[in-house]
$ cat my_file_37.txt   # compact mmCIF, C-alpha atoms and all ligand atoms
# COMPACT_ATOMS: atom_id res chain seq x y z
CA MET A 9 0.00 0.00 0.00
CA SER A 10 1.26 3.51 -0.83
CA PHE A 11 1.68 6.17 1.82
CA GLN A 12 -1.22 8.34 2.94
CA PRO A 13 -2.10 11.43 0.95
CA VAL A 14 -2.04 14.72 2.86
CA VAL A 15 -4.36 17.32 1.36
CA GLN A 16 -4.90 20.63 3.12
CA TYR A 17 -7.86 22.73 2.04
CA ALA A 18 -9.49 26.10 2.62
CA SER A 19 -12.63 27.71 1.26
CA ARG A 20 -14.53 30.98 1.33
CA THR A 21 -17.65 32.46 -0.19
CA ASP A 22 -18.65 36.13 -0.20
CA VAL A 23 -21.65 38.15 -1.34
CA GLY A 24 -19.45 40.84 -2.97
CA MET A 25 -19.96 44.63 -2.87
CA ARG A 26 -23.05 45.05 -5.08
CA ARG A 27 -25.38 42.09 -4.51
CA SER A 28 -27.68 41.70 -1.55
CA ALA A 29 -27.69 37.88 -1.63
CA ASN A 30 -25.09 35.20 -2.17
CA GLN A 31 -26.27 32.62 -4.72
CA ASP A 32 -22.98 30.66 -4.74
CA SER A 33 -22.55 27.41 -2.76
CA LEU A 34 -19.61 25.17 -2.02
CA ALA A 35 -18.95 21.78 -0.45
CA VAL A 36 -15.92 19.73 0.58
CA ARG A 37 -16.15 16.03 1.51
CA MET A 38 -12.90 14.45 2.70
CA CYS A 39 -12.61 10.65 2.97
CA SER A 40 -11.52 9.49 6.40
CA ALA A 41 -10.34 6.00 5.36
CA TYR A 42 -7.48 5.31 2.95
CA GLU A 43 -9.47 2.67 1.04
CA GLU A 44 -12.36 5.04 0.39
CA TRP A 45 -9.97 7.80 -0.71
CA ALA A 46 -8.10 5.46 -3.08
CA ARG A 47 -11.33 4.25 -4.72
CA ILE A 48 -13.50 7.39 -4.71
CA GLY A 49 -11.42 10.37 -3.61
CA HIS A 50 -11.86 13.61 -1.70
CA LEU A 51 -14.59 15.74 -3.26
CA PHE A 52 -14.63 19.53 -3.82
CA ILE A 53 -17.58 21.44 -5.35
CA VAL A 54 -18.39 25.00 -6.38
CA ALA A 55 -21.86 25.92 -7.71
CA ASP A 56 -22.92 29.40 -8.88
CA GLY A 57 -26.69 29.74 -8.86
CA MET A 58 -28.87 31.97 -11.03
CA GLY A 59 -32.57 32.75 -11.36
CA GLY A 60 -35.12 35.42 -10.44
CA HIS A 61 -37.17 35.66 -7.24
CA SER A 62 -34.02 34.89 -5.21
CA VAL A 63 -34.05 31.20 -6.12
CA GLY A 64 -30.54 31.02 -7.57
CA ASP A 65 -29.22 30.12 -4.15
CA LEU A 66 -31.72 27.24 -4.03
CA ALA A 67 -30.33 25.67 -7.21
CA SER A 68 -26.72 25.88 -6.02
CA ARG A 69 -27.68 24.62 -2.55
CA ILE A 70 -29.54 21.61 -3.97
CA THR A 71 -26.40 20.84 -6.01
CA VAL A 72 -23.96 20.82 -3.08
CA GLU A 73 -26.40 18.76 -1.01
CA THR A 74 -27.44 16.20 -3.64
CA LEU A 75 -24.19 15.69 -5.50
CA PRO A 76 -21.94 14.34 -2.68
CA LEU A 77 -24.68 11.92 -1.53
CA ALA A 78 -25.14 10.55 -5.04
CA PHE A 79 -21.36 10.44 -5.60
CA PHE A 80 -20.54 8.40 -2.49
CA LYS A 81 -23.64 6.18 -2.80
CA SER A 82 -23.06 5.35 -6.47
CA GLY A 83 -22.31 1.76 -7.42
CA ALA A 84 -20.45 2.79 -10.60
CA GLU A 85 -17.05 1.15 -11.06
CA ARG A 86 -15.41 4.00 -12.92
CA LEU A 87 -14.88 7.39 -11.30
CA ALA A 88 -15.92 9.12 -14.53
CA ASP A 89 -19.31 7.35 -14.40
CA ARG A 90 -19.66 8.11 -10.70
CA LEU A 91 -19.08 11.84 -11.37
CA THR A 92 -21.44 11.92 -14.34
CA GLY A 93 -24.17 10.12 -12.35
CA ALA A 94 -23.80 12.48 -9.37
CA ILE A 95 -24.04 15.63 -11.52
CA GLU A 96 -27.06 14.15 -13.35
CA ALA A 97 -28.69 13.47 -9.96
CA ALA A 98 -28.17 17.13 -8.96
CA ASN A 99 -29.62 18.27 -12.29
CA ARG A 100 -32.70 16.06 -11.81
CA ALA A 101 -33.22 17.30 -8.24
CA ILE A 102 -33.18 20.97 -9.38
CA ASN A 103 -35.39 20.22 -12.39
CA ASP A 104 -37.94 18.37 -10.22
CA LYS A 105 -38.03 21.23 -7.70
CA ALA A 106 -38.51 23.77 -10.51
CA ARG A 107 -41.52 21.81 -11.81
CA GLU A 108 -43.16 21.88 -8.37
CA ASN A 109 -43.30 25.66 -8.17
CA PRO A 110 -43.65 28.14 -11.07
CA GLU A 111 -41.55 30.68 -9.13
CA PHE A 112 -38.59 28.32 -9.36
CA SER A 113 -38.96 27.70 -13.09
CA ASP A 114 -35.97 29.76 -14.22
CA MET A 115 -33.47 28.61 -11.63
CA GLY A 116 -30.18 27.07 -12.64
CA THR A 117 -26.62 26.69 -11.49
CA THR A 118 -23.10 26.03 -12.70
CA CYS A 119 -21.32 23.05 -11.19
CA SER A 120 -17.57 22.35 -11.01
CA VAL A 121 -16.46 19.22 -9.16
CA LEU A 122 -12.99 17.90 -8.39
CA SER A 123 -12.24 14.40 -7.09
CA LEU A 124 -8.71 13.67 -5.80
CA SER A 125 -8.18 9.90 -5.56
CA ALA A 126 -5.45 7.30 -6.18
CA GLU A 127 -6.18 7.68 -9.90
CA GLY A 128 -5.30 11.40 -9.78
CA ALA A 129 -7.63 14.36 -10.33
CA TRP A 130 -11.00 13.86 -12.06
CA ILE A 131 -13.15 16.81 -13.01
CA GLY A 132 -16.88 17.09 -13.68
CA HIS A 133 -18.02 20.42 -15.04
CA VAL A 134 -21.01 22.38 -16.38
CA GLY A 135 -21.06 26.19 -16.77
CA ASP A 136 -18.48 28.94 -16.36
CA SER A 137 -17.12 28.34 -12.87
CA ARG A 138 -13.52 27.16 -13.17
CA ILE A 139 -10.97 24.66 -11.87
CA TYR A 140 -7.28 25.59 -12.02
CA ARG A 141 -4.15 23.62 -11.21
CA ILE A 142 -1.20 25.70 -9.97
CA ARG A 143 2.10 23.84 -10.20
CA GLY A 144 5.29 25.80 -9.49
CA ASP A 145 5.23 28.96 -11.57
CA VAL A 146 2.45 27.80 -13.90
CA ILE A 147 -1.34 28.12 -13.64
CA GLU A 148 -3.52 25.96 -15.92
CA GLN A 149 -7.26 26.19 -16.44
CA LEU A 150 -8.49 22.60 -16.55
CA THR A 151 -12.15 23.37 -17.33
CA PHE A 152 -13.77 24.78 -20.48
CA ASP A 153 -15.98 27.85 -19.90
CA HIS A 154 -19.45 26.99 -21.20
CA SER A 155 -20.00 30.62 -22.12
CA LEU A 156 -21.03 32.16 -25.44
CA GLN A 157 -17.59 33.81 -25.64
CA TRP A 158 -15.71 30.52 -25.37
CA GLU A 159 -18.15 28.54 -27.56
CA MET A 160 -17.75 31.11 -30.35
CA MET A 161 -13.96 30.79 -30.08
CA ARG A 162 -14.15 26.97 -30.02
CA GLN A 163 -16.24 26.98 -33.18
CA GLY A 164 -13.68 29.21 -34.86
CA ARG A 165 -16.29 31.93 -35.31
CA ALA A 166 -14.55 34.64 -33.27
CA THR A 167 -11.08 35.50 -32.09
CA ALA A 168 -10.55 36.17 -28.37
CA GLU A 169 -10.57 39.94 -28.91
CA ARG A 170 -13.71 39.93 -31.08
CA SER A 171 -15.50 37.54 -28.75
CA GLU A 172 -14.69 39.76 -25.75
CA MET A 173 -16.05 42.77 -27.68
CA LEU A 174 -19.15 41.16 -29.21
CA HIS A 175 -20.44 38.66 -26.69
CA PRO A 176 -21.40 39.53 -23.14
CA ARG A 177 -19.50 37.66 -20.46
CA ASN A 178 -22.59 36.64 -18.53
CA VAL A 179 -24.17 34.48 -21.25
CA ILE A 180 -23.59 30.83 -20.45
CA THR A 181 -24.43 27.95 -22.75
CA ARG A 182 -24.93 25.16 -20.21
CA CYS A 183 -26.13 24.91 -16.63
CA LEU A 184 -27.90 22.50 -14.30
CA GLY A 185 -31.65 22.85 -13.81
CA PRO A 186 -33.54 24.07 -16.90
CA ASP A 187 -33.59 20.73 -18.76
CA LYS A 188 -34.06 17.11 -17.72
CA ASN A 189 -30.84 16.19 -19.52
CA VAL A 190 -27.58 18.08 -19.36
CA GLU A 191 -24.32 17.69 -21.25
CA ILE A 192 -21.50 17.21 -18.76
CA ASP A 193 -17.73 17.54 -19.28
CA VAL A 194 -15.94 14.77 -17.39
CA GLU A 195 -12.17 14.99 -17.84
CA GLY A 196 -9.17 13.28 -16.30
CA PRO A 197 -7.41 11.80 -14.63
CA PHE A 198 -4.93 14.66 -14.32
CA ASP A 199 -1.60 14.02 -12.66
CA VAL A 200 -1.31 15.11 -9.00
CA ARG A 201 2.05 15.86 -7.33
CA PRO A 202 3.10 17.16 -3.90
CA GLY A 203 3.07 20.97 -4.02
CA ASP A 204 0.19 21.14 -6.54
CA ARG A 205 -2.69 23.45 -5.70
CA PHE A 206 -6.18 23.03 -7.17
CA LEU A 207 -8.50 26.03 -7.10
CA LEU A 208 -12.24 25.90 -7.80
CA CYS A 209 -13.91 29.30 -8.17
CA SER A 210 -17.01 31.10 -9.42
CA ASP A 211 -16.93 33.81 -12.11
CA GLY A 212 -17.27 36.51 -9.44
CA LEU A 213 -13.54 35.95 -8.91
CA THR A 214 -12.41 35.44 -12.50
CA GLY A 215 -14.36 38.53 -13.61
CA HIS A 216 -11.95 40.69 -11.59
CA LEU A 217 -8.57 38.87 -11.44
CA THR A 218 -6.28 37.62 -14.22
CA ASP A 219 -5.05 34.03 -14.26
CA ASN A 220 -1.54 35.28 -13.43
CA GLU A 221 -2.78 37.20 -10.38
CA ILE A 222 -4.80 34.20 -9.17
CA GLY A 223 -1.77 31.92 -9.64
CA ALA A 224 0.62 34.28 -7.83
CA ILE A 225 -1.72 34.63 -4.83
CA VAL A 226 -2.46 30.89 -4.57
CA ALA A 227 1.25 29.99 -4.91
CA GLY A 228 2.47 32.76 -2.60
CA LEU A 229 0.19 32.64 0.45
CA PRO A 230 -0.96 29.95 2.94
CA PRO A 231 -4.34 28.42 1.84
CA ASP A 232 -6.61 30.38 4.23
CA ASP A 233 -4.88 33.69 3.52
CA ALA A 234 -4.93 33.00 -0.23
CA CYS A 235 -8.72 32.35 -0.24
CA ARG A 236 -9.39 35.46 1.79
CA PHE A 237 -7.12 37.69 -0.33
CA LEU A 238 -8.54 36.44 -3.64
CA ILE A 239 -11.99 37.56 -2.49
CA ASP A 240 -10.72 40.82 -0.91
CA LEU A 241 -9.09 41.73 -4.20
CA ALA A 242 -12.23 40.90 -6.23
CA ASN A 243 -14.21 43.12 -3.83
CA CYS A 244 -11.57 45.85 -3.97
CA ARG A 245 -12.03 45.90 -7.77
CA GLY A 246 -15.77 46.36 -7.52
CA GLY A 247 -17.07 43.03 -6.18
CA THR A 248 -19.82 43.09 -8.81
CA ASP A 249 -20.77 39.47 -8.16
CA ASN A 250 -20.69 36.79 -5.47
CA SER A 251 -17.22 35.20 -5.20
CA THR A 252 -16.45 31.66 -4.08
CA VAL A 253 -13.14 29.81 -3.81
CA VAL A 254 -12.19 26.30 -2.72
CA LEU A 255 -8.46 25.58 -2.55
CA ALA A 256 -6.89 22.12 -2.14
CA VAL A 257 -3.14 22.06 -1.45
CA ILE A 258 -1.35 18.76 -2.00
CA GLN A 259 1.22 18.31 0.73
CA ASN A 260 1.89 14.62 0.17
CA TYR A 261 0.49 12.29 -2.47
CA PRO A 262 1.15 8.67 -3.42
CA PRO A 263 2.83 8.61 -6.83
CA ILE A 264 0.43 8.02 -9.70
CA GLU A 265 1.60 5.63 -12.40
CA SER A 266 1.85 7.80 -15.49
CA ASP A 267 0.75 4.94 -17.76
CA THR A 268 -2.33 4.49 -15.55
CA VAL A 269 -3.16 8.16 -16.03
CA GLU A 270 -2.69 7.89 -19.77
CA SER A 271 -4.67 4.67 -20.21
CA LEU A 272 -7.55 5.92 -18.06
CA ALA A 273 -7.55 9.23 -19.91
CA ALA A 274 -7.61 7.37 -23.21
CA LYS A 275 -10.60 5.32 -22.00
CA ALA A 276 -12.37 8.49 -20.89
CA ARG A 277 -11.83 10.03 -24.30
CA THR A 278 -13.64 7.17 -25.99
CA THR A 279 -16.68 7.35 -23.74
CA ASN A 280 -17.48 10.96 -23.07
CA GLN A 281 -17.52 14.23 -24.88
CA LEU A 282 -13.74 14.46 -24.79
CA ALA A 283 -14.11 12.49 -27.99
CA VAL A 284 -16.08 15.39 -29.35
CA GLN A 285 -13.35 17.80 -28.27
CA ALA A 286 -10.62 15.60 -29.75
CA ALA A 287 -12.45 15.78 -33.06
CA ALA A 288 -12.89 19.53 -32.74
CA PRO A 289 -9.72 20.70 -34.57
CA GLU A 290 -10.71 18.96 -37.82
CA ARG A 291 -14.31 20.09 -37.46
CA VAL A 292 -13.33 23.69 -36.87
CA ALA A 293 -10.85 23.62 -39.78
CA ARG A 294 -13.49 22.04 -42.07
CA ARG A 295 -16.10 24.60 -41.05
CA ARG A 296 -13.71 27.49 -41.67
CA MET A 297 -12.83 26.08 -45.09
CA TRP A 298 -16.52 25.73 -46.12
CA SER A 299 -17.29 29.16 -44.79
CA ARG A 300 -14.45 30.74 -46.81
CA LEU A 301 -15.39 28.77 -49.93
CA ALA A 302 -19.03 29.86 -49.62
CA MET A 303 -17.95 33.49 -49.17
CA THR A 304 -15.67 33.32 -52.24
CA VAL A 305 -18.40 31.78 -54.42
CA PHE A 306 -20.92 34.34 -53.09
CA LEU A 307 -18.62 37.26 -54.02
CA LEU A 308 -17.83 35.78 -57.45
CA LEU A 309 -21.50 35.17 -58.32
CA ALA A 310 -22.71 38.50 -56.97
CA GLY A 311 -19.81 40.47 -58.52
CA THR A 312 -20.08 38.89 -61.97
CA GLY A 313 -23.89 39.11 -62.00
CA LEU A 314 -23.94 42.77 -60.96
CA SER A 315 -21.23 43.69 -63.50
CA MET A 316 -23.20 42.01 -66.31
CA MET A 317 -26.36 43.82 -65.29
CA ILE A 318 -24.62 47.21 -65.00
CA LEU A 319 -22.85 46.79 -68.36
CA GLY A 320 -26.10 45.61 -69.97
CA GLN A 321 -24.54 42.37 -71.26
CA ARG A 322 -26.62 39.19 -70.95
CA GLU A 323 -28.71 40.82 -68.24
CA LYS A 324 -30.87 37.73 -67.63
CA LEU A 325 -27.80 35.62 -66.86
CA GLY A 326 -26.48 38.43 -64.62
CA LEU A 327 -29.77 38.49 -62.69
CA ALA A 328 -29.67 34.69 -62.34
CA LEU A 329 -26.14 34.91 -60.89
CA VAL A 330 -27.18 37.58 -58.35
CA VAL A 331 -30.22 35.50 -57.31
CA SER A 332 -27.96 32.42 -56.90
CA ALA A 333 -25.60 34.47 -54.71
CA ILE A 334 -28.53 35.60 -52.51
CA VAL A 335 -29.78 31.99 -52.16
CA LEU A 336 -26.28 30.78 -51.27
CA GLY A 337 -25.89 33.58 -48.69
CA PHE A 338 -29.27 32.67 -47.16
CA ILE A 339 -28.34 28.96 -46.87
CA GLN A 340 -25.02 29.87 -45.23
CA LEU A 341 -26.85 32.15 -42.76
CA VAL A 342 -29.35 29.41 -41.80
CA MET A 343 -26.57 26.81 -41.35
CA SER A 344 -24.59 29.19 -39.16
CA ALA A 345 -27.65 30.06 -37.00
CA ARG A 346 -28.28 26.32 -36.46
CA ARG A 347 -24.77 25.98 -35.00
CA THR A 348 -25.31 28.79 -32.46
CA PRO A 349 -25.51 27.21 -28.98
CA THR A 350 -28.49 27.72 -26.69
CA VAL A 351 -27.82 30.30 -24.03
CA VAL A 352 -28.77 31.20 -20.47
CA ILE A 353 -28.13 34.68 -19.10
CA ASP A 354 -26.67 34.75 -15.62
CA SER A 355 -27.94 38.13 -14.49
CA GLU A 356 -25.80 37.92 -11.35
CA SER A 357 -22.55 37.90 -13.31
CA PRO A 358 -20.74 41.07 -14.29
CA PRO A 359 -21.55 41.95 -17.92
CA ALA A 360 -18.72 42.64 -20.36
CA GLY A 361 -17.28 46.10 -19.95
CA SER A 362 -17.94 46.26 -16.21
CA GLY A 363 -15.02 46.51 -13.83
CA ASP A 364 -11.97 44.74 -15.21
CA ALA A 365 -13.79 42.82 -17.93
CA LEU A 366 -10.89 42.70 -20.38
CA LEU A 367 -8.93 40.02 -18.59
CA GLY A 368 -6.86 37.15 -19.94
CA CYS A 369 -8.23 37.66 -23.40
CA ARG A 370 -6.86 34.54 -25.14
CA GLU A 371 -8.36 31.71 -27.16
CA PRO A 372 -8.69 28.39 -25.30
CA ALA A 373 -6.84 25.26 -26.42
CA LEU A 374 -8.87 22.44 -27.94
CA SER A 375 -8.36 20.11 -24.97
CA SER A 376 -7.58 20.51 -21.26
CA PRO A 377 -5.62 22.39 -19.98
CA TYR A 378 -7.52 24.99 -21.95
CA ARG A 379 -5.33 27.91 -20.94
CA ARG A 380 -1.93 28.23 -19.34
CA ASP A 381 -0.24 31.28 -17.82
CA SER A 382 2.64 32.18 -15.54
CA ALA A 383 1.88 32.07 -11.80
CA ALA A 384 5.02 34.09 -11.02
CA LEU A 385 4.63 37.05 -8.68
CA ARG A 386 5.38 39.99 -10.98
CA PRO A 387 6.68 43.36 -9.78
CA GLU A 388 3.87 45.03 -11.78
CA PHE A 389 1.28 43.14 -9.73
CA LEU A 390 2.97 44.18 -6.45
CA ALA A 391 2.92 47.79 -7.69
CA VAL A 392 -0.83 47.48 -8.41
CA LEU A 393 -1.41 46.10 -4.90
CA ALA A 394 0.68 48.87 -3.33
CA ASP A 395 -1.39 51.43 -5.20
CA ALA A 396 -4.69 49.83 -4.13
CA GLN A 397 -3.52 49.74 -0.52
CA SER A 398 -2.55 53.44 -0.58
CA GLN A 399 -5.88 54.48 -2.09
CA LEU A 400 -7.92 52.43 0.40
CA ALA A 401 -5.87 53.82 3.32
CA ALA A 402 -6.42 57.37 2.00
CA VAL A 403 -10.22 56.87 1.89
CA ALA A 404 -10.17 55.38 5.41
CA GLU A 405 -8.17 58.36 6.67
CA GLU A 406 -10.39 60.95 4.97
CA ASN A 407 -13.47 59.37 6.53
CA GLY A 408 -11.86 59.17 9.95
CA TRP A 409 -12.35 55.42 10.25
CA ASP A 410 -11.03 54.02 13.47
CA LEU A 411 -8.03 52.14 12.01
CA ASN A 412 -4.30 52.29 12.56
CA ILE A 413 -3.76 54.16 9.31
CA ALA A 414 -0.02 54.66 9.79
CA GLN A 415 0.40 50.88 9.63
CA LEU A 416 -1.87 50.53 6.62
CA ARG A 417 -0.20 53.12 4.44
CA GLN A 418 2.09 52.00 1.68
CA PRO A 419 4.94 49.89 3.18
CA ASP A 420 8.54 51.12 2.77
CA ARG A 421 9.68 48.19 0.71
CA THR A 422 9.60 48.25 -3.05
CA ALA A 423 9.44 45.24 -5.32
CA THR A 424 12.82 43.66 -5.94
CA ASP A 425 14.03 40.51 -7.62
CA ASP A 426 14.61 39.00 -4.23
CA GLY A 427 12.02 36.16 -3.97
CA LYS A 428 11.79 36.32 -0.18
CA ARG A 429 11.22 40.07 -0.13
CA THR A 430 8.57 39.95 -2.88
CA SER A 431 6.63 37.13 -1.17
CA ASP A 432 6.84 39.08 2.12
CA ALA A 433 5.52 42.12 0.26
CA LEU A 434 2.57 40.07 -1.06
CA ALA A 435 1.74 38.88 2.49
CA GLU A 436 1.96 42.46 3.81
CA HIS A 437 -0.32 43.85 1.10
CA ALA A 438 -2.75 40.98 1.73
CA ARG A 439 -2.85 41.71 5.46
CA ALA A 440 -3.33 45.48 5.04
CA ILE A 441 -5.94 45.15 2.26
CA ARG A 442 -7.81 42.55 4.35
CA ILE A 443 -8.15 45.01 7.27
CA LEU A 444 -9.20 47.85 4.96
CA MET A 445 -11.65 45.78 2.88
CA LYS A 446 -13.31 44.43 6.03
CA GLU A 447 -14.07 48.03 7.00
CA PHE A 448 -15.25 48.88 3.46
CA ALA A 449 -17.54 45.84 3.41
CA VAL A 450 -19.14 46.75 6.75
CA ARG A 451 -19.74 50.35 5.73
CA LEU A 452 -20.42 50.20 2.01
CA ARG A 453 -22.03 46.96 0.90
CA PRO A 454 -25.82 46.80 0.48
CA ARG A 455 -27.79 45.28 3.31
CA SER A 456 -30.09 42.34 2.59
CA CA A 501 -21.71 34.41 -10.74
$ encode --input "my_file_37.txt" --output "structure tokens"
Amino acid sequence: MSFQPVVQYASRTDVGMRRSANQDSLAVRMCSAYEEWARIGHLFIVADGMGGHSVGDLASRITVETLPLAFFKSGAERLADRLTGAIEAANRAINDKARENPEFSDMGTTCSVLSLSAEGAWIGHVGDSRIYRIRGDVIEQLTFDHSLQWEMMRQGRATAERSEMLHPRNVITRCLGPDKNVEIDVEGPFDVRPGDRFLLCSDGLTGHLTDNEIGAIVAGLPPDDACRFLIDLANCRGGTDNSTVVLAVIQNYPPIESDTVESLAAKARTTNQLAVQAAAPERVARRRMWSRLAMTVFLLLAGTGLSMMILGQREKLGLALVVSAIVLGFIQLVMSARRTPTVVIDSESPPAGSGDALLGCREPALSSPYRRDSAALRPEFLAVLADAQSQLAAVAEENGWDLNIAQLRQPDRTATDDGKRTSDALAEHARAIRILMKEFAVRLRPRS
């Protein structure tokens, strides 16, 4: 038998600075026995609810209550099937509840689940909450955002910049609740090593922080402090939405056979929608080619037809060419509309253009990890934190808040290349901003 895994975890959820209710939920279920851990794994969940009449919190709450029960009770042999079954059970429970009461009819929730077992890390995911792995100086996003922005990029119909400009951030293409059946991403197993950190979070966090900033905070602070500071910083930048974080830090982990990881991942690819994603590059390339071909033919037909009509040569043929171009354009339009995914608007999420909306604007890869960035603590980020701290301290001083302002003003140190000094600086900014944001939250956030 391998040695025992040691996984430390921390979590936090916060209403933010603008909302009066928190519709996010989270759950952590740790296995107490080695055998259970090896077979099933520790379980971590984040769910971000949505829906009018204050029922979004009901959908996310049902998820974090139903899902662990179904997961641990399941008789499925494979972890992938166990995860799929548990998420389906949560979806059914929300859907059933919505049918009972018309006021609940529009409720839904995202759902991101992580299982850490002897097989490694398995992920079950629906919606635009995220799961990251931070390893050394690198942060990787393991989940695909089921948002209109990301779907458009996956289909090759928009670049990252255009998608960010054209499609609002708060339109998601999949969630639990509205339909009896839901398409679930189950991916893994991902390798797990001592020192790895896995972060689950709702879009209230990722709407305000870049991947690099998230990685630097998670890698640079103890788990509890990291969770608290991630949320403080989101609130400091507007806190337009509820923010939730669950952080698992791997202190010790039995080695995972790399060939086991690969063979299990290969099996998973053949049985779930990873197969669809694996086929995506060819599909996207084919679609782009047809689209370009159709556009070229359209221009040729329309151009030639119009020229003939204008020049008065074989006008009937010219008219026929123009009509053909219009018919071709219409067919292309209908085909493209049929490929547009169904959408759900999460009114609780910050819309594009609010706060720091233009973050991490890059196209996702075609398979997990979908995005990768540096988790290094950059001097520019420390400078931003120093600036935020000074401004918050100035407001506290102007308003005569009962705080030890001298201690909370900008610290003497400046960012240097010295790793120890920069990580100390991060901890100092985190401590000062925590004290200041606590005061801001008490005085400025709306009361429920
Ligand atoms: Ca949200």
$ closest_atom_pairs --input "my_file_37.txt" --of "chain A" --to "ligand CA 501 (chain A)" --cutoff "10 Å" --atoms "only C-alpha atoms and all ligand atoms" --output "Markdown table"
| residue | atom | partner | partner_atom | distance |
| --- | --- | --- | --- | --- |
| A:Asn30 | CA | A:CA501 | CA | 9.2 |
| A:Gln31 | CA | A:CA501 | CA | 7.8 |
| A:Asp32 | CA | A:CA501 | CA | 7.2 |
| A:Ala55 | CA | A:CA501 | CA | 9.0 |
| A:Asp56 | CA | A:CA501 | CA | 5.5 |
| A:Gly57 | CA | A:CA501 | CA | 7.1 |
| A:Met58 | CA | A:CA501 | CA | 7.6 |
| A:Gly64 | CA | A:CA501 | CA | 10.0 |
| A:Thr117 | CA | A:CA501 | CA | 9.2 |
| A:Thr118 | CA | A:CA501 | CA | 8.7 |
| A:Asp136 | CA | A:CA501 | CA | 8.5 |
| A:Ser137 | CA | A:CA501 | CA | 7.9 |
| A:Asn178 | CA | A:CA501 | CA | 8.2 |
| A:Cys209 | CA | A:CA501 | CA | 9.7 |
| A:Ser210 | CA | A:CA501 | CA | 5.9 |
| A:Asp211 | CA | A:CA501 | CA | 5.0 |
| A:Gly212 | CA | A:CA501 | CA | 5.1 |
| A:Leu213 | CA | A:CA501 | CA | 8.5 |
| A:Thr214 | CA | A:CA501 | CA | 9.5 |
| A:Gly215 | CA | A:CA501 | CA | 8.9 |
| A:Thr248 | CA | A:CA501 | CA | 9.1 |
| A:Asp249 | CA | A:CA501 | CA | 5.8 |
| A:Asn250 | CA | A:CA501 | CA | 5.9 |
| A:Ser251 | CA | A:CA501 | CA | 7.2 |
| A:Thr252 | CA | A:CA501 | CA | 8.9 |
| A:Asp354 | CA | A:CA501 | CA | 7.0 |
| A:Ser355 | CA | A:CA501 | CA | 8.2 |
| A:Glu356 | CA | A:CA501 | CA | 5.4 |
| A:Ser357 | CA | A:CA501 | CA | 4.4 |
| A:Pro358 | CA | A:CA501 | CA | 7.6 |
$ closest_residue --input "my_file_37.txt" --among "A:Val253, A:Ile131, A:Ala402, A:Ile70" --to "Ile192 in chain A" --atoms "all atoms listed in the file"
A:Ile131
$ closest_residue --input "my_file_37.txt" --among "A:Val190, A:Leu314, A:Ala88, A:Ala35" --to "Leu208 in chain A" --atoms "all atoms listed in the file"
A:Ala35
$ atom_distance --input "my_file_37.txt" --atom1 "CA of Pro372 in chain A" --atom2 "CA of Ala168 in chain A"
8.6 Å
$ residues_around --input "my_file_37.txt" --residues "Ser19 in chain A" --least-positions-apart "4" --cutoff "10 Å" --atoms "all atoms listed in the file" --output "list in words"
Leu34, Ala35, Val36, Phe52, Val54, Leu207, Leu208, Cys209, Pro231, Asp232, Ala234, Cys235, Arg236, Thr252, Val253, Val254, Leu255 and Ala256 of chain A
$ closest_residue --input "my_file_37.txt" --among "A:Cys244, A:Ser382, A:Ser82, A:Arg37" --to "Asp395 in chain A" --atoms "only C-alpha atoms"
A:Cys244
$ closest_residue --input "my_file_37.txt" --among "A:Leu124, A:Ala98, A:Gly24, A:Arg69" --to "Leu51 in chain A" --atoms "all atoms listed in the file"
A:Leu124
$ closest_residue --input "my_file_37.txt" --among "A:Leu184, A:Met25, A:Leu390, A:Val330" --to "Ala224 in chain A" --atoms "all atoms listed in the file"
A:Leu390
$ closest_residue --input "my_file_37.txt" --among "A:Val14, A:Met160, A:Met38, A:Val194" --to "Ile95 in chain A" --atoms "only C-alpha atoms"
A:Val194
$ atom_distance --input "my_file_37.txt" --atom1 "CA of Leu325 in chain A" --atom2 "CA of Trp298 in chain A"
25.6 Å
$ atom_distance --input "my_file_37.txt" --atom1 "CA of Glu159 in chain A" --atom2 "CA of Asp193 in chain A"
13.8 Å
$ build_atoms --input "my_file_37.txt" --residues "range 239-243 of chain A" --atoms "N, CA, C and O atoms" --output "compact mmCIF listing (two decimals), keeping the file's coordinate frame"
# COMPACT_ATOMS: atom_id res chain seq x y z
N ILE A 239 -10.66 36.93 -2.58
CA ILE A 239 -11.99 37.56 -2.49
C ILE A 239 -11.86 39.05 -2.14
O ILE A 239 -12.57 39.89 -2.70
N ASP A 240 -10.93 39.39 -1.24
CA ASP A 240 -10.72 40.82 -0.91
C ASP A 240 -10.37 41.61 -2.17
O ASP A 240 -10.85 42.72 -2.37
N LEU A 241 -9.53 41.01 -3.00
CA LEU A 241 -9.09 41.73 -4.20
C LEU A 241 -10.25 41.87 -5.20
O LEU A 241 -10.41 42.93 -5.83
N ALA A 242 -11.06 40.81 -5.34
CA ALA A 242 -12.23 40.90 -6.23
C ALA A 242 -13.16 42.01 -5.73
O ALA A 242 -13.69 42.80 -6.51
N ASN A 243 -13.35 42.08 -4.41
CA ASN A 243 -14.21 43.12 -3.83
C ASN A 243 -13.60 44.51 -3.98
O ASN A 243 -14.30 45.49 -4.24
